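Next comes upload.cif, a file with mmCIF, C-alpha atoms.
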```cif
data_work
loop_
_atom_site.label_atom_id
_atom_site.label_comp_id
_atom_site.auth_asym_id
_atom_site.auth_seq_id
_atom_site.Cartn_x
_atom_site.Cartn_y
_atom_site.Cartn_z
CA ASP A 132 91.55 46.46 139.42
CA VAL A 133 89.20 49.01 137.86
CA SER A 134 86.18 47.17 139.24
CA VAL A 135 87.06 48.69 142.61
CA PHE A 136 86.38 52.28 141.61
CA GLN A 137 85.03 52.39 138.05
CA PRO A 138 81.37 51.98 139.08
CA LEU A 139 81.79 54.99 141.36
CA LEU A 140 83.31 57.06 138.56
CA ASP A 141 80.53 56.03 136.19
CA LEU A 142 77.94 57.10 138.75
CA ALA A 143 79.71 60.39 139.36
CA PHE A 144 79.80 61.14 135.62
CA LEU A 145 76.10 60.31 135.41
CA PHE A 146 75.24 62.74 138.21
CA LYS A 147 77.45 65.37 136.56
CA ALA A 148 75.71 64.91 133.20
CA MET A 149 72.36 65.29 134.97
CA GLY A 150 73.51 68.55 136.51
CA ASP A 151 73.44 67.14 140.03
CA PHE A 152 76.84 68.50 141.02
CA VAL A 153 76.35 67.96 144.75
CA ARG A 154 75.93 64.22 144.43
CA ALA A 155 78.56 64.07 141.68
CA GLU A 156 81.09 65.72 143.98
CA ALA A 157 80.28 63.32 146.82
CA VAL A 158 80.75 60.27 144.60
CA PHE A 159 83.95 61.63 143.03
CA ARG A 160 85.33 62.09 146.55
CA GLN A 161 84.35 58.54 147.41
CA ALA A 162 86.08 57.22 144.28
CA LEU A 163 89.19 59.22 145.17
CA SER A 164 89.26 57.79 148.68
CA VAL A 165 88.97 54.26 147.28
CA CYS A 166 91.81 54.86 144.82
CA GLU A 167 94.08 56.37 147.47
CA ALA A 168 93.48 53.44 149.81
CA LYS A 169 93.83 50.80 147.09
CA PHE A 170 96.61 52.21 144.90
CA GLY A 171 98.30 55.04 146.80
CA ASN A 172 98.61 58.76 146.18
CA TYR A 173 100.66 58.64 142.97
CA HIS A 174 98.91 55.91 141.02
CA ARG A 175 97.53 56.95 137.63
CA GLU A 176 93.96 56.13 138.69
CA THR A 177 94.29 58.25 141.81
CA LEU A 178 95.62 61.12 139.72
CA HIS A 179 92.74 60.65 137.28
CA CYS A 180 90.20 60.90 140.12
CA LEU A 181 91.95 64.03 141.39
CA GLU A 182 91.70 65.62 137.95
CA GLU A 183 88.03 64.81 137.53
CA LEU A 184 87.17 66.14 140.98
CA ALA A 185 89.17 69.29 140.29
CA VAL A 186 87.25 69.89 137.05
CA LEU A 187 83.96 69.58 138.89
CA LEU A 188 85.12 71.89 141.68
CA GLN A 189 86.11 74.50 139.11
CA ALA A 190 82.68 74.27 137.53
CA THR A 191 81.04 74.88 140.90
CA GLY A 192 83.26 77.80 141.84
CA GLN A 193 85.47 76.00 144.35
CA GLN A 194 88.67 77.34 142.81
CA THR A 195 90.98 77.12 145.81
CA GLU A 196 90.48 73.41 146.38
CA ALA A 197 90.58 72.77 142.63
CA GLU A 198 93.99 74.44 142.46
CA ASP A 199 95.23 72.35 145.40
CA LEU A 200 94.07 69.13 143.74
CA LEU A 201 95.69 70.05 140.44
CA ARG A 202 98.96 70.81 142.23
CA ARG A 203 98.78 67.28 143.65
CA VAL A 204 98.29 65.96 140.12
CA VAL A 205 101.31 67.89 138.84
CA HIS A 206 103.46 66.62 141.70
CA GLY A 207 102.24 63.07 141.19
CA GLN A 208 102.92 63.12 137.47
CA GLU A 209 106.38 64.57 137.98
CA GLU A 210 107.19 61.88 140.54
CA THR A 211 105.92 58.98 138.45
CA GLN A 212 106.35 60.09 134.82
CA GLY A 213 109.06 62.72 134.98
CA LYS A 214 108.99 66.43 134.23
CA LEU A 215 109.03 66.05 130.45
CA HIS A 216 106.25 63.47 130.03
CA PRO A 217 103.19 64.66 128.04
CA ASP A 218 100.90 63.81 130.98
CA THR A 219 103.01 66.01 133.25
CA LEU A 220 102.89 68.88 130.78
CA ALA A 221 99.11 68.48 130.43
CA ALA A 222 98.70 68.55 134.22
CA LEU A 223 100.85 71.66 134.52
CA ASP A 224 98.85 73.35 131.77
CA SER A 225 95.58 72.43 133.51
CA LEU A 226 96.80 74.02 136.74
CA ALA A 227 97.84 77.16 134.87
CA MET A 228 94.45 77.39 133.15
CA CYS A 229 92.72 76.98 136.51
CA LEU A 230 94.76 79.86 137.91
CA LYS A 231 93.98 81.95 134.84
CA ALA A 232 90.25 81.26 135.23
CA SER A 233 90.33 82.64 138.76
CA GLY A 234 92.14 85.79 137.63
CA LYS A 235 95.61 84.74 138.80
CA ARG A 236 97.37 85.42 135.52
CA SER A 237 100.65 86.40 137.17
CA ALA A 238 100.73 82.99 138.85
CA ALA A 239 99.77 81.16 135.66
CA ALA A 240 102.44 82.76 133.46
CA PRO A 241 105.51 81.09 135.08
CA LEU A 242 103.80 77.70 134.86
CA LEU A 243 103.05 78.20 131.18
CA ARG A 244 106.61 79.34 130.53
CA SER A 245 107.69 76.08 132.10
CA VAL A 246 105.25 74.14 129.90
CA LEU A 247 106.67 75.85 126.81
CA GLU A 248 110.27 75.25 127.85
CA ARG A 249 109.63 71.58 128.62
CA SER A 250 107.63 71.09 125.40
CA GLU A 251 110.52 72.47 123.37
CA GLN A 252 112.93 70.20 125.21
CA ALA A 253 110.81 67.05 124.99
CA LEU A 254 109.05 67.48 121.66
CA GLY A 255 111.04 70.07 119.75
CA PRO A 256 110.40 73.72 118.82
CA ASP A 257 108.17 72.88 115.85
CA HIS A 258 105.80 70.37 117.44
CA PRO A 259 102.03 71.15 117.50
CA SER A 260 102.07 70.86 121.31
CA THR A 261 104.76 73.54 121.40
CA LEU A 262 102.52 75.79 119.33
CA ALA A 263 99.68 75.17 121.81
CA ALA A 264 102.04 76.07 124.67
CA ILE A 265 102.99 79.31 122.91
CA ILE A 266 99.35 80.28 122.49
CA ASP A 267 98.43 79.41 126.07
CA LEU A 268 101.29 81.55 127.39
CA ALA A 269 100.39 84.46 125.15
CA MET A 270 96.82 84.34 126.45
CA VAL A 271 97.88 85.23 129.99
CA LEU A 272 100.31 88.02 129.15
CA PRO A 273 98.95 91.57 129.50
CA ALA A 274 99.55 93.20 126.12
CA GLU A 275 100.39 96.56 127.60
CA GLU A 276 102.96 95.18 130.04
CA SER A 277 104.65 92.38 128.10
CA SER A 278 104.59 93.63 124.53
CA GLU A 279 108.09 92.42 123.68
CA GLU A 280 107.49 88.88 124.92
CA LEU A 281 104.02 88.85 123.42
CA GLU A 282 105.29 90.02 120.02
CA LEU A 283 107.91 87.26 120.05
CA LEU A 284 105.28 84.65 120.87
CA LEU A 285 102.98 85.90 118.11
CA ARG A 286 105.78 85.76 115.57
CA ARG A 287 106.65 82.25 116.63
CA ALA A 288 103.00 81.22 116.42
CA LEU A 289 102.70 82.54 112.88
CA GLU A 290 105.96 80.85 111.84
CA LEU A 291 104.85 77.52 113.28
CA TRP A 292 101.44 77.72 111.59
CA GLN A 293 103.17 78.30 108.28
CA LEU A 294 105.77 75.61 108.94
CA GLN A 295 103.00 73.13 109.68
CA GLY A 296 101.43 73.91 106.32
CA LYS A 297 98.62 76.07 107.70
CA PRO A 298 99.19 79.58 106.35
CA SER A 299 95.39 80.01 106.26
CA LEU A 300 94.60 78.74 109.75
CA LYS A 301 91.01 79.67 110.50
CA SER A 302 88.77 79.94 113.52
CA HIS A 303 85.00 79.56 113.66
CA PHE A 304 83.46 82.44 115.57
CA ALA A 305 80.61 80.39 117.01
CA GLU A 306 83.22 78.81 119.27
CA PRO A 307 86.26 81.12 119.39
CA SER A 308 89.44 79.11 119.68
CA HIS A 309 92.47 79.74 121.85
CA ALA A 310 94.20 81.05 118.75
CA MET A 311 91.56 83.70 118.09
CA MET A 312 91.45 84.72 121.73
CA VAL A 313 95.18 85.31 121.91
CA ILE A 314 95.21 87.28 118.68
CA ALA A 315 92.42 89.54 119.89
CA ALA A 316 93.98 89.90 123.33
CA ALA A 317 97.33 90.77 121.77
CA LEU A 318 95.79 93.64 119.88
CA ASP A 319 94.19 95.63 122.68
CA GLY A 320 93.74 93.47 125.74
CA ALA A 321 90.85 91.52 127.19
CA GLN A 322 88.22 94.21 126.77
CA TYR A 323 88.89 94.57 123.05
CA SER A 324 89.02 90.79 122.74
CA ALA A 325 85.51 90.41 124.13
CA THR A 326 84.17 93.35 122.10
CA CYS A 327 85.53 92.29 118.74
CA LEU A 328 84.55 88.65 119.16
CA GLU A 329 80.98 89.70 120.00
CA SER A 330 80.99 92.03 117.02
CA TRP A 331 82.13 89.26 114.69
CA ARG A 332 79.39 86.97 116.00
CA LYS A 333 76.71 89.59 115.37
CA ARG A 334 77.98 90.11 111.83
CA GLY A 335 77.44 86.45 111.20
CA ALA A 336 81.00 85.96 109.99
CA GLU A 337 81.78 82.27 109.77
CA GLU A 338 85.54 82.32 109.91
CA GLN A 339 88.59 84.55 109.90
CA ASP A 340 92.08 83.93 108.57
CA LEU A 341 94.16 84.12 111.76
CA SER A 342 97.51 84.32 110.02
CA LYS A 343 96.38 87.54 108.30
CA VAL A 344 95.22 88.96 111.63
CA ILE A 345 98.61 88.26 113.20
CA ALA A 346 100.49 89.59 110.19
CA ALA A 347 98.46 92.80 110.17
CA HIS A 348 99.08 93.27 113.88
CA LEU A 349 102.84 92.79 113.51
CA ASP A 350 103.03 95.02 110.43
CA ALA A 351 101.12 97.77 112.21
CA HIS A 352 103.52 97.64 115.15
CA ALA A 353 106.51 97.72 112.82
CA ILE A 354 105.17 100.90 111.23
CA THR A 355 104.17 102.67 114.44
CA GLY A 356 107.10 101.53 116.56
CA GLU A 357 104.70 99.73 118.91
CA GLN A 358 103.28 103.07 120.02
CA GLY A 359 100.03 103.35 118.12
CA ASP A 360 96.68 101.66 118.55
CA THR A 361 96.24 98.79 116.09
CA SER A 362 92.49 98.43 116.48
CA PHE A 363 91.68 100.63 113.50
CA GLU A 364 93.97 98.75 111.11
CA VAL A 365 92.62 95.38 112.16
CA GLN A 366 89.00 96.50 112.05
CA LYS A 367 89.58 97.73 108.47
CA MET A 368 91.16 94.44 107.51
CA ILE A 369 88.31 92.28 108.83
CA ALA A 370 85.46 94.59 107.81
#
```
Show me, as structure tokens, the structure contained in the file I just sent.
Amino acid sequence: DVSVFQPLLDLAFLFKAMGDFVRAEAVFRQALSVCEAKFGNYHRETLHCLEELAVLLQATGQQTEAEDLLRRVVHGQEETQGKLHPDTLAALDSLAMCLKASGKRSAAAPLLRSVLERSEQALGPDHPSTLAAIIDLAMVLPAEESSEELELLLRRALELWQLQGKPSLKSHFAEPSHAMMVIAAALDGAQYSATCLESWRKRGAEEQDLSKVIAAHLDAHAITGEQGDTSFEVQKMIA
């Protein structure tokens, strides 16, 4: 019966929208307690409350508890929905992104490899969710340490974009997408990613053809044997 906890969730969302995170957190915790008592630890509404509280905790810098709550969500989804259910994959991805946000990329990578493997198994290698899993994994791989895996992921991403009829996939620089971030990170790492994205914003560029960026990156590596710096080639291409 949603009437048991929904008013609490509505109030928590209201406090959150107002920027009153302290009271929002208190009410989210109250809603979680009600759901646990009423439905149990693995009920979908309990897991929903856990997710919402974890999101708020992340926003307020309480990363450790947020990670713990998201692990509970993953476990709950696996127990109730199975390891291949879309909700389970989404929960696992959320945990990985939380770890990434706190700088724990080495801990996030195995989770995202699992998401990719399960997505391929459940949805197929050409599904849009599989493409999203490829991009998320590529985002956490250090370019200088995992170039072979990263190159493979980039090639797969480009092939899937083309297969899905999007050879001119574009990203708006006002809100850089995951796709643009992984392309930039694949070129020269996080520092270059931040620099080039800021540069593109200042130029006032509205969009960039991502498939051309990927192709240029791969072509440059093919020519240099993955030894040279690709920044110059890419900067020329997008100038």
*Rounded to one decimal in Å, what is the spacing between atom CA of Gln208 of chain A and atom CA of Leu223 of chain A?*
9.3 Å
_Non-local contacts of Thr177 of chain A (8 Å; only C-alpha atoms; under 6 positions in same chain excluded) as a list of chain:residue names_ =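 My list of contacting residues is A:Leu163, A:Cys166, A:Glu167, A:Phe170, A:Gly171.
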*Between A:Arg203, A:Glu182, A:Leu262, A:Leu272, single out the one closest to Glu290 of chain A, counting only C-alpha atoms.*
A:Leu262
*Suppose you want the space between atom CA of Leu285 of chain A and atom CA of Glu198 of chain A; what is it in Å?*
28.4 Å
_Between A:Ala263, A:Gln252, A:Arg244, A:Leu268, which residue has the minimum interatomic distance to Lys231 of chain A, considering only C-alpha atoms?_
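Under the stated criterion, the closest residue is A:Leu268.
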Pull segment 134-180 of chain A out of the block and emit N, CA and C atoms, as a tab-separated table (two decimals), in the first residue's frame.
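result_39.tsv, written as the output of this step:
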```
chain	number	residue	atom	x	y	z
A	134	SER	N	0.16	4.23	0.20
A	134	SER	CA	-0.27	5.29	1.11
A	134	SER	C	0.53	5.27	2.41
A	135	VAL	N	1.21	4.16	2.66
A	135	VAL	CA	1.99	4.03	3.89
A	135	VAL	C	3.24	4.90	3.85
A	136	PHE	N	3.87	4.98	2.67
A	136	PHE	CA	5.16	5.67	2.59
A	136	PHE	C	5.21	6.79	1.56
A	137	GLN	N	4.28	6.80	0.60
A	137	GLN	CA	4.35	7.78	-0.48
A	137	GLN	C	4.32	9.22	0.02
A	138	PRO	N	3.48	9.55	1.01
A	138	PRO	CA	3.52	10.94	1.51
A	138	PRO	C	4.89	11.33	2.04
A	139	LEU	N	5.59	10.38	2.65
A	139	LEU	CA	6.94	10.67	3.15
A	139	LEU	C	7.89	10.91	1.99
A	140	LEU	N	7.80	10.09	0.95
A	140	LEU	CA	8.66	10.29	-0.21
A	140	LEU	C	8.37	11.63	-0.87
A	141	ASP	N	7.10	11.96	-1.01
A	141	ASP	CA	6.74	13.25	-1.62
A	141	ASP	C	7.32	14.41	-0.82
A	142	LEU	N	7.27	14.31	0.50
A	142	LEU	CA	7.81	15.36	1.34
A	142	LEU	C	9.33	15.43	1.21
A	143	ALA	N	9.96	14.28	1.16
A	143	ALA	CA	11.42	14.25	1.00
A	143	ALA	C	11.84	14.88	-0.31
A	144	PHE	N	11.12	14.56	-1.39
A	144	PHE	CA	11.44	15.16	-2.70
A	144	PHE	C	11.22	16.67	-2.68
A	145	LEU	N	10.22	17.11	-1.94
A	145	LEU	CA	9.96	18.55	-1.83
A	145	LEU	C	11.12	19.25	-1.12
A	146	PHE	N	11.56	18.69	0.00
A	146	PHE	CA	12.69	19.26	0.72
A	146	PHE	C	13.95	19.27	-0.17
A	147	LYS	N	14.14	18.18	-0.92
A	147	LYS	CA	15.30	18.10	-1.80
A	147	LYS	C	15.25	19.18	-2.87
A	148	ALA	N	14.08	19.38	-3.47
A	148	ALA	CA	13.91	20.40	-4.50
A	148	ALA	C	14.15	21.80	-3.93
A	149	MET	N	13.84	21.99	-2.65
A	149	MET	CA	14.05	23.27	-2.00
A	149	MET	C	15.49	23.48	-1.58
A	150	GLY	N	16.30	22.43	-1.71
A	150	GLY	CA	17.69	22.53	-1.28
A	150	GLY	C	17.91	22.26	0.18
A	151	ASP	N	16.88	21.81	0.87
A	151	ASP	CA	16.99	21.50	2.30
A	151	ASP	C	17.35	20.02	2.43
A	152	PHE	N	18.62	19.73	2.21
A	152	PHE	CA	19.07	18.34	2.17
A	152	PHE	C	19.04	17.66	3.54
A	153	VAL	N	19.19	18.44	4.60
A	153	VAL	CA	19.18	17.86	5.93
A	153	VAL	C	17.81	17.25	6.24
A	154	ARG	N	16.77	18.05	6.01
A	154	ARG	CA	15.43	17.52	6.27
A	154	ARG	C	15.04	16.46	5.24
A	155	ALA	N	15.50	16.62	4.01
A	155	ALA	CA	15.21	15.61	2.99
A	155	ALA	C	15.81	14.26	3.38
A	156	GLU	N	17.04	14.29	3.87
A	156	GLU	CA	17.68	13.04	4.30
A	156	GLU	C	16.92	12.40	5.44
A	157	ALA	N	16.50	13.20	6.42
A	157	ALA	CA	15.77	12.66	7.56
A	157	ALA	C	14.47	11.99	7.14
A	158	VAL	N	13.76	12.61	6.19
A	158	VAL	CA	12.48	12.06	5.75
A	158	VAL	C	12.69	10.83	4.87
A	159	PHE	N	13.73	10.85	4.03
A	159	PHE	CA	14.04	9.66	3.24
A	159	PHE	C	14.34	8.46	4.15
A	160	ARG	N	15.09	8.73	5.23
A	160	ARG	CA	15.40	7.65	6.18
A	160	ARG	C	14.13	7.14	6.86
A	161	GLN	N	13.23	8.05	7.14
A	161	GLN	CA	11.97	7.64	7.76
A	161	GLN	C	11.15	6.78	6.79
A	162	ALA	N	11.11	7.19	5.52
A	162	ALA	CA	10.39	6.41	4.51
A	162	ALA	C	11.02	5.03	4.35
A	163	LEU	N	12.35	4.97	4.39
A	163	LEU	CA	13.03	3.68	4.28
A	163	LEU	C	12.68	2.77	5.45
A	164	SER	N	12.67	3.32	6.64
A	164	SER	CA	12.32	2.52	7.82
A	164	SER	C	10.90	1.96	7.72
A	165	VAL	N	9.99	2.80	7.22
A	165	VAL	CA	8.60	2.36	7.06
A	165	VAL	C	8.52	1.22	6.04
A	166	CYS	N	9.22	1.37	4.93
A	166	CYS	CA	9.19	0.33	3.89
A	166	CYS	C	9.81	-0.97	4.39
A	167	GLU	N	10.92	-0.88	5.10
A	167	GLU	CA	11.55	-2.09	5.62
A	167	GLU	C	10.63	-2.82	6.60
A	168	ALA	N	9.96	-2.06	7.45
A	168	ALA	CA	9.06	-2.67	8.43
A	168	ALA	C	7.81	-3.25	7.77
A	169	LYS	N	7.31	-2.56	6.75
A	169	LYS	CA	6.06	-2.96	6.12
A	169	LYS	C	6.26	-4.05	5.07
A	170	PHE	N	7.31	-3.92	4.26
A	170	PHE	CA	7.48	-4.81	3.11
A	170	PHE	C	8.67	-5.76	3.20
A	171	GLY	N	9.67	-5.43	4.02
A	171	GLY	CA	10.87	-6.24	4.08
A	171	GLY	C	12.02	-5.60	3.32
A	172	ASN	N	13.18	-6.20	3.43
A	172	ASN	CA	14.40	-5.60	2.88
A	172	ASN	C	14.51	-5.68	1.36
A	173	TYR	N	13.84	-6.63	0.73
A	173	TYR	CA	14.03	-6.85	-0.70
A	173	TYR	C	12.86	-6.38	-1.56
A	174	HIS	N	11.85	-5.80	-0.95
A	174	HIS	CA	10.71	-5.34	-1.72
A	174	HIS	C	11.11	-4.18	-2.63
A	175	ARG	N	10.44	-4.07	-3.78
A	175	ARG	CA	10.82	-3.04	-4.75
A	175	ARG	C	10.72	-1.63	-4.17
A	176	GLU	N	9.76	-1.40	-3.29
A	176	GLU	CA	9.62	-0.06	-2.71
A	176	GLU	C	10.74	0.23	-1.72
A	177	THR	N	11.18	-0.79	-1.01
A	177	THR	CA	12.33	-0.62	-0.11
A	177	THR	C	13.57	-0.30	-0.91
A	178	LEU	N	13.76	-1.03	-2.00
A	178	LEU	CA	14.93	-0.80	-2.86
A	178	LEU	C	14.87	0.59	-3.49
A	179	HIS	N	13.67	1.03	-3.83
A	179	HIS	CA	13.51	2.39	-4.38
A	179	HIS	C	13.91	3.44	-3.36
A	180	CYS	N	13.48	3.27	-2.11
A	180	CYS	CA	13.86	4.21	-1.05
A	180	CYS	C	15.37	4.21	-0.83
```
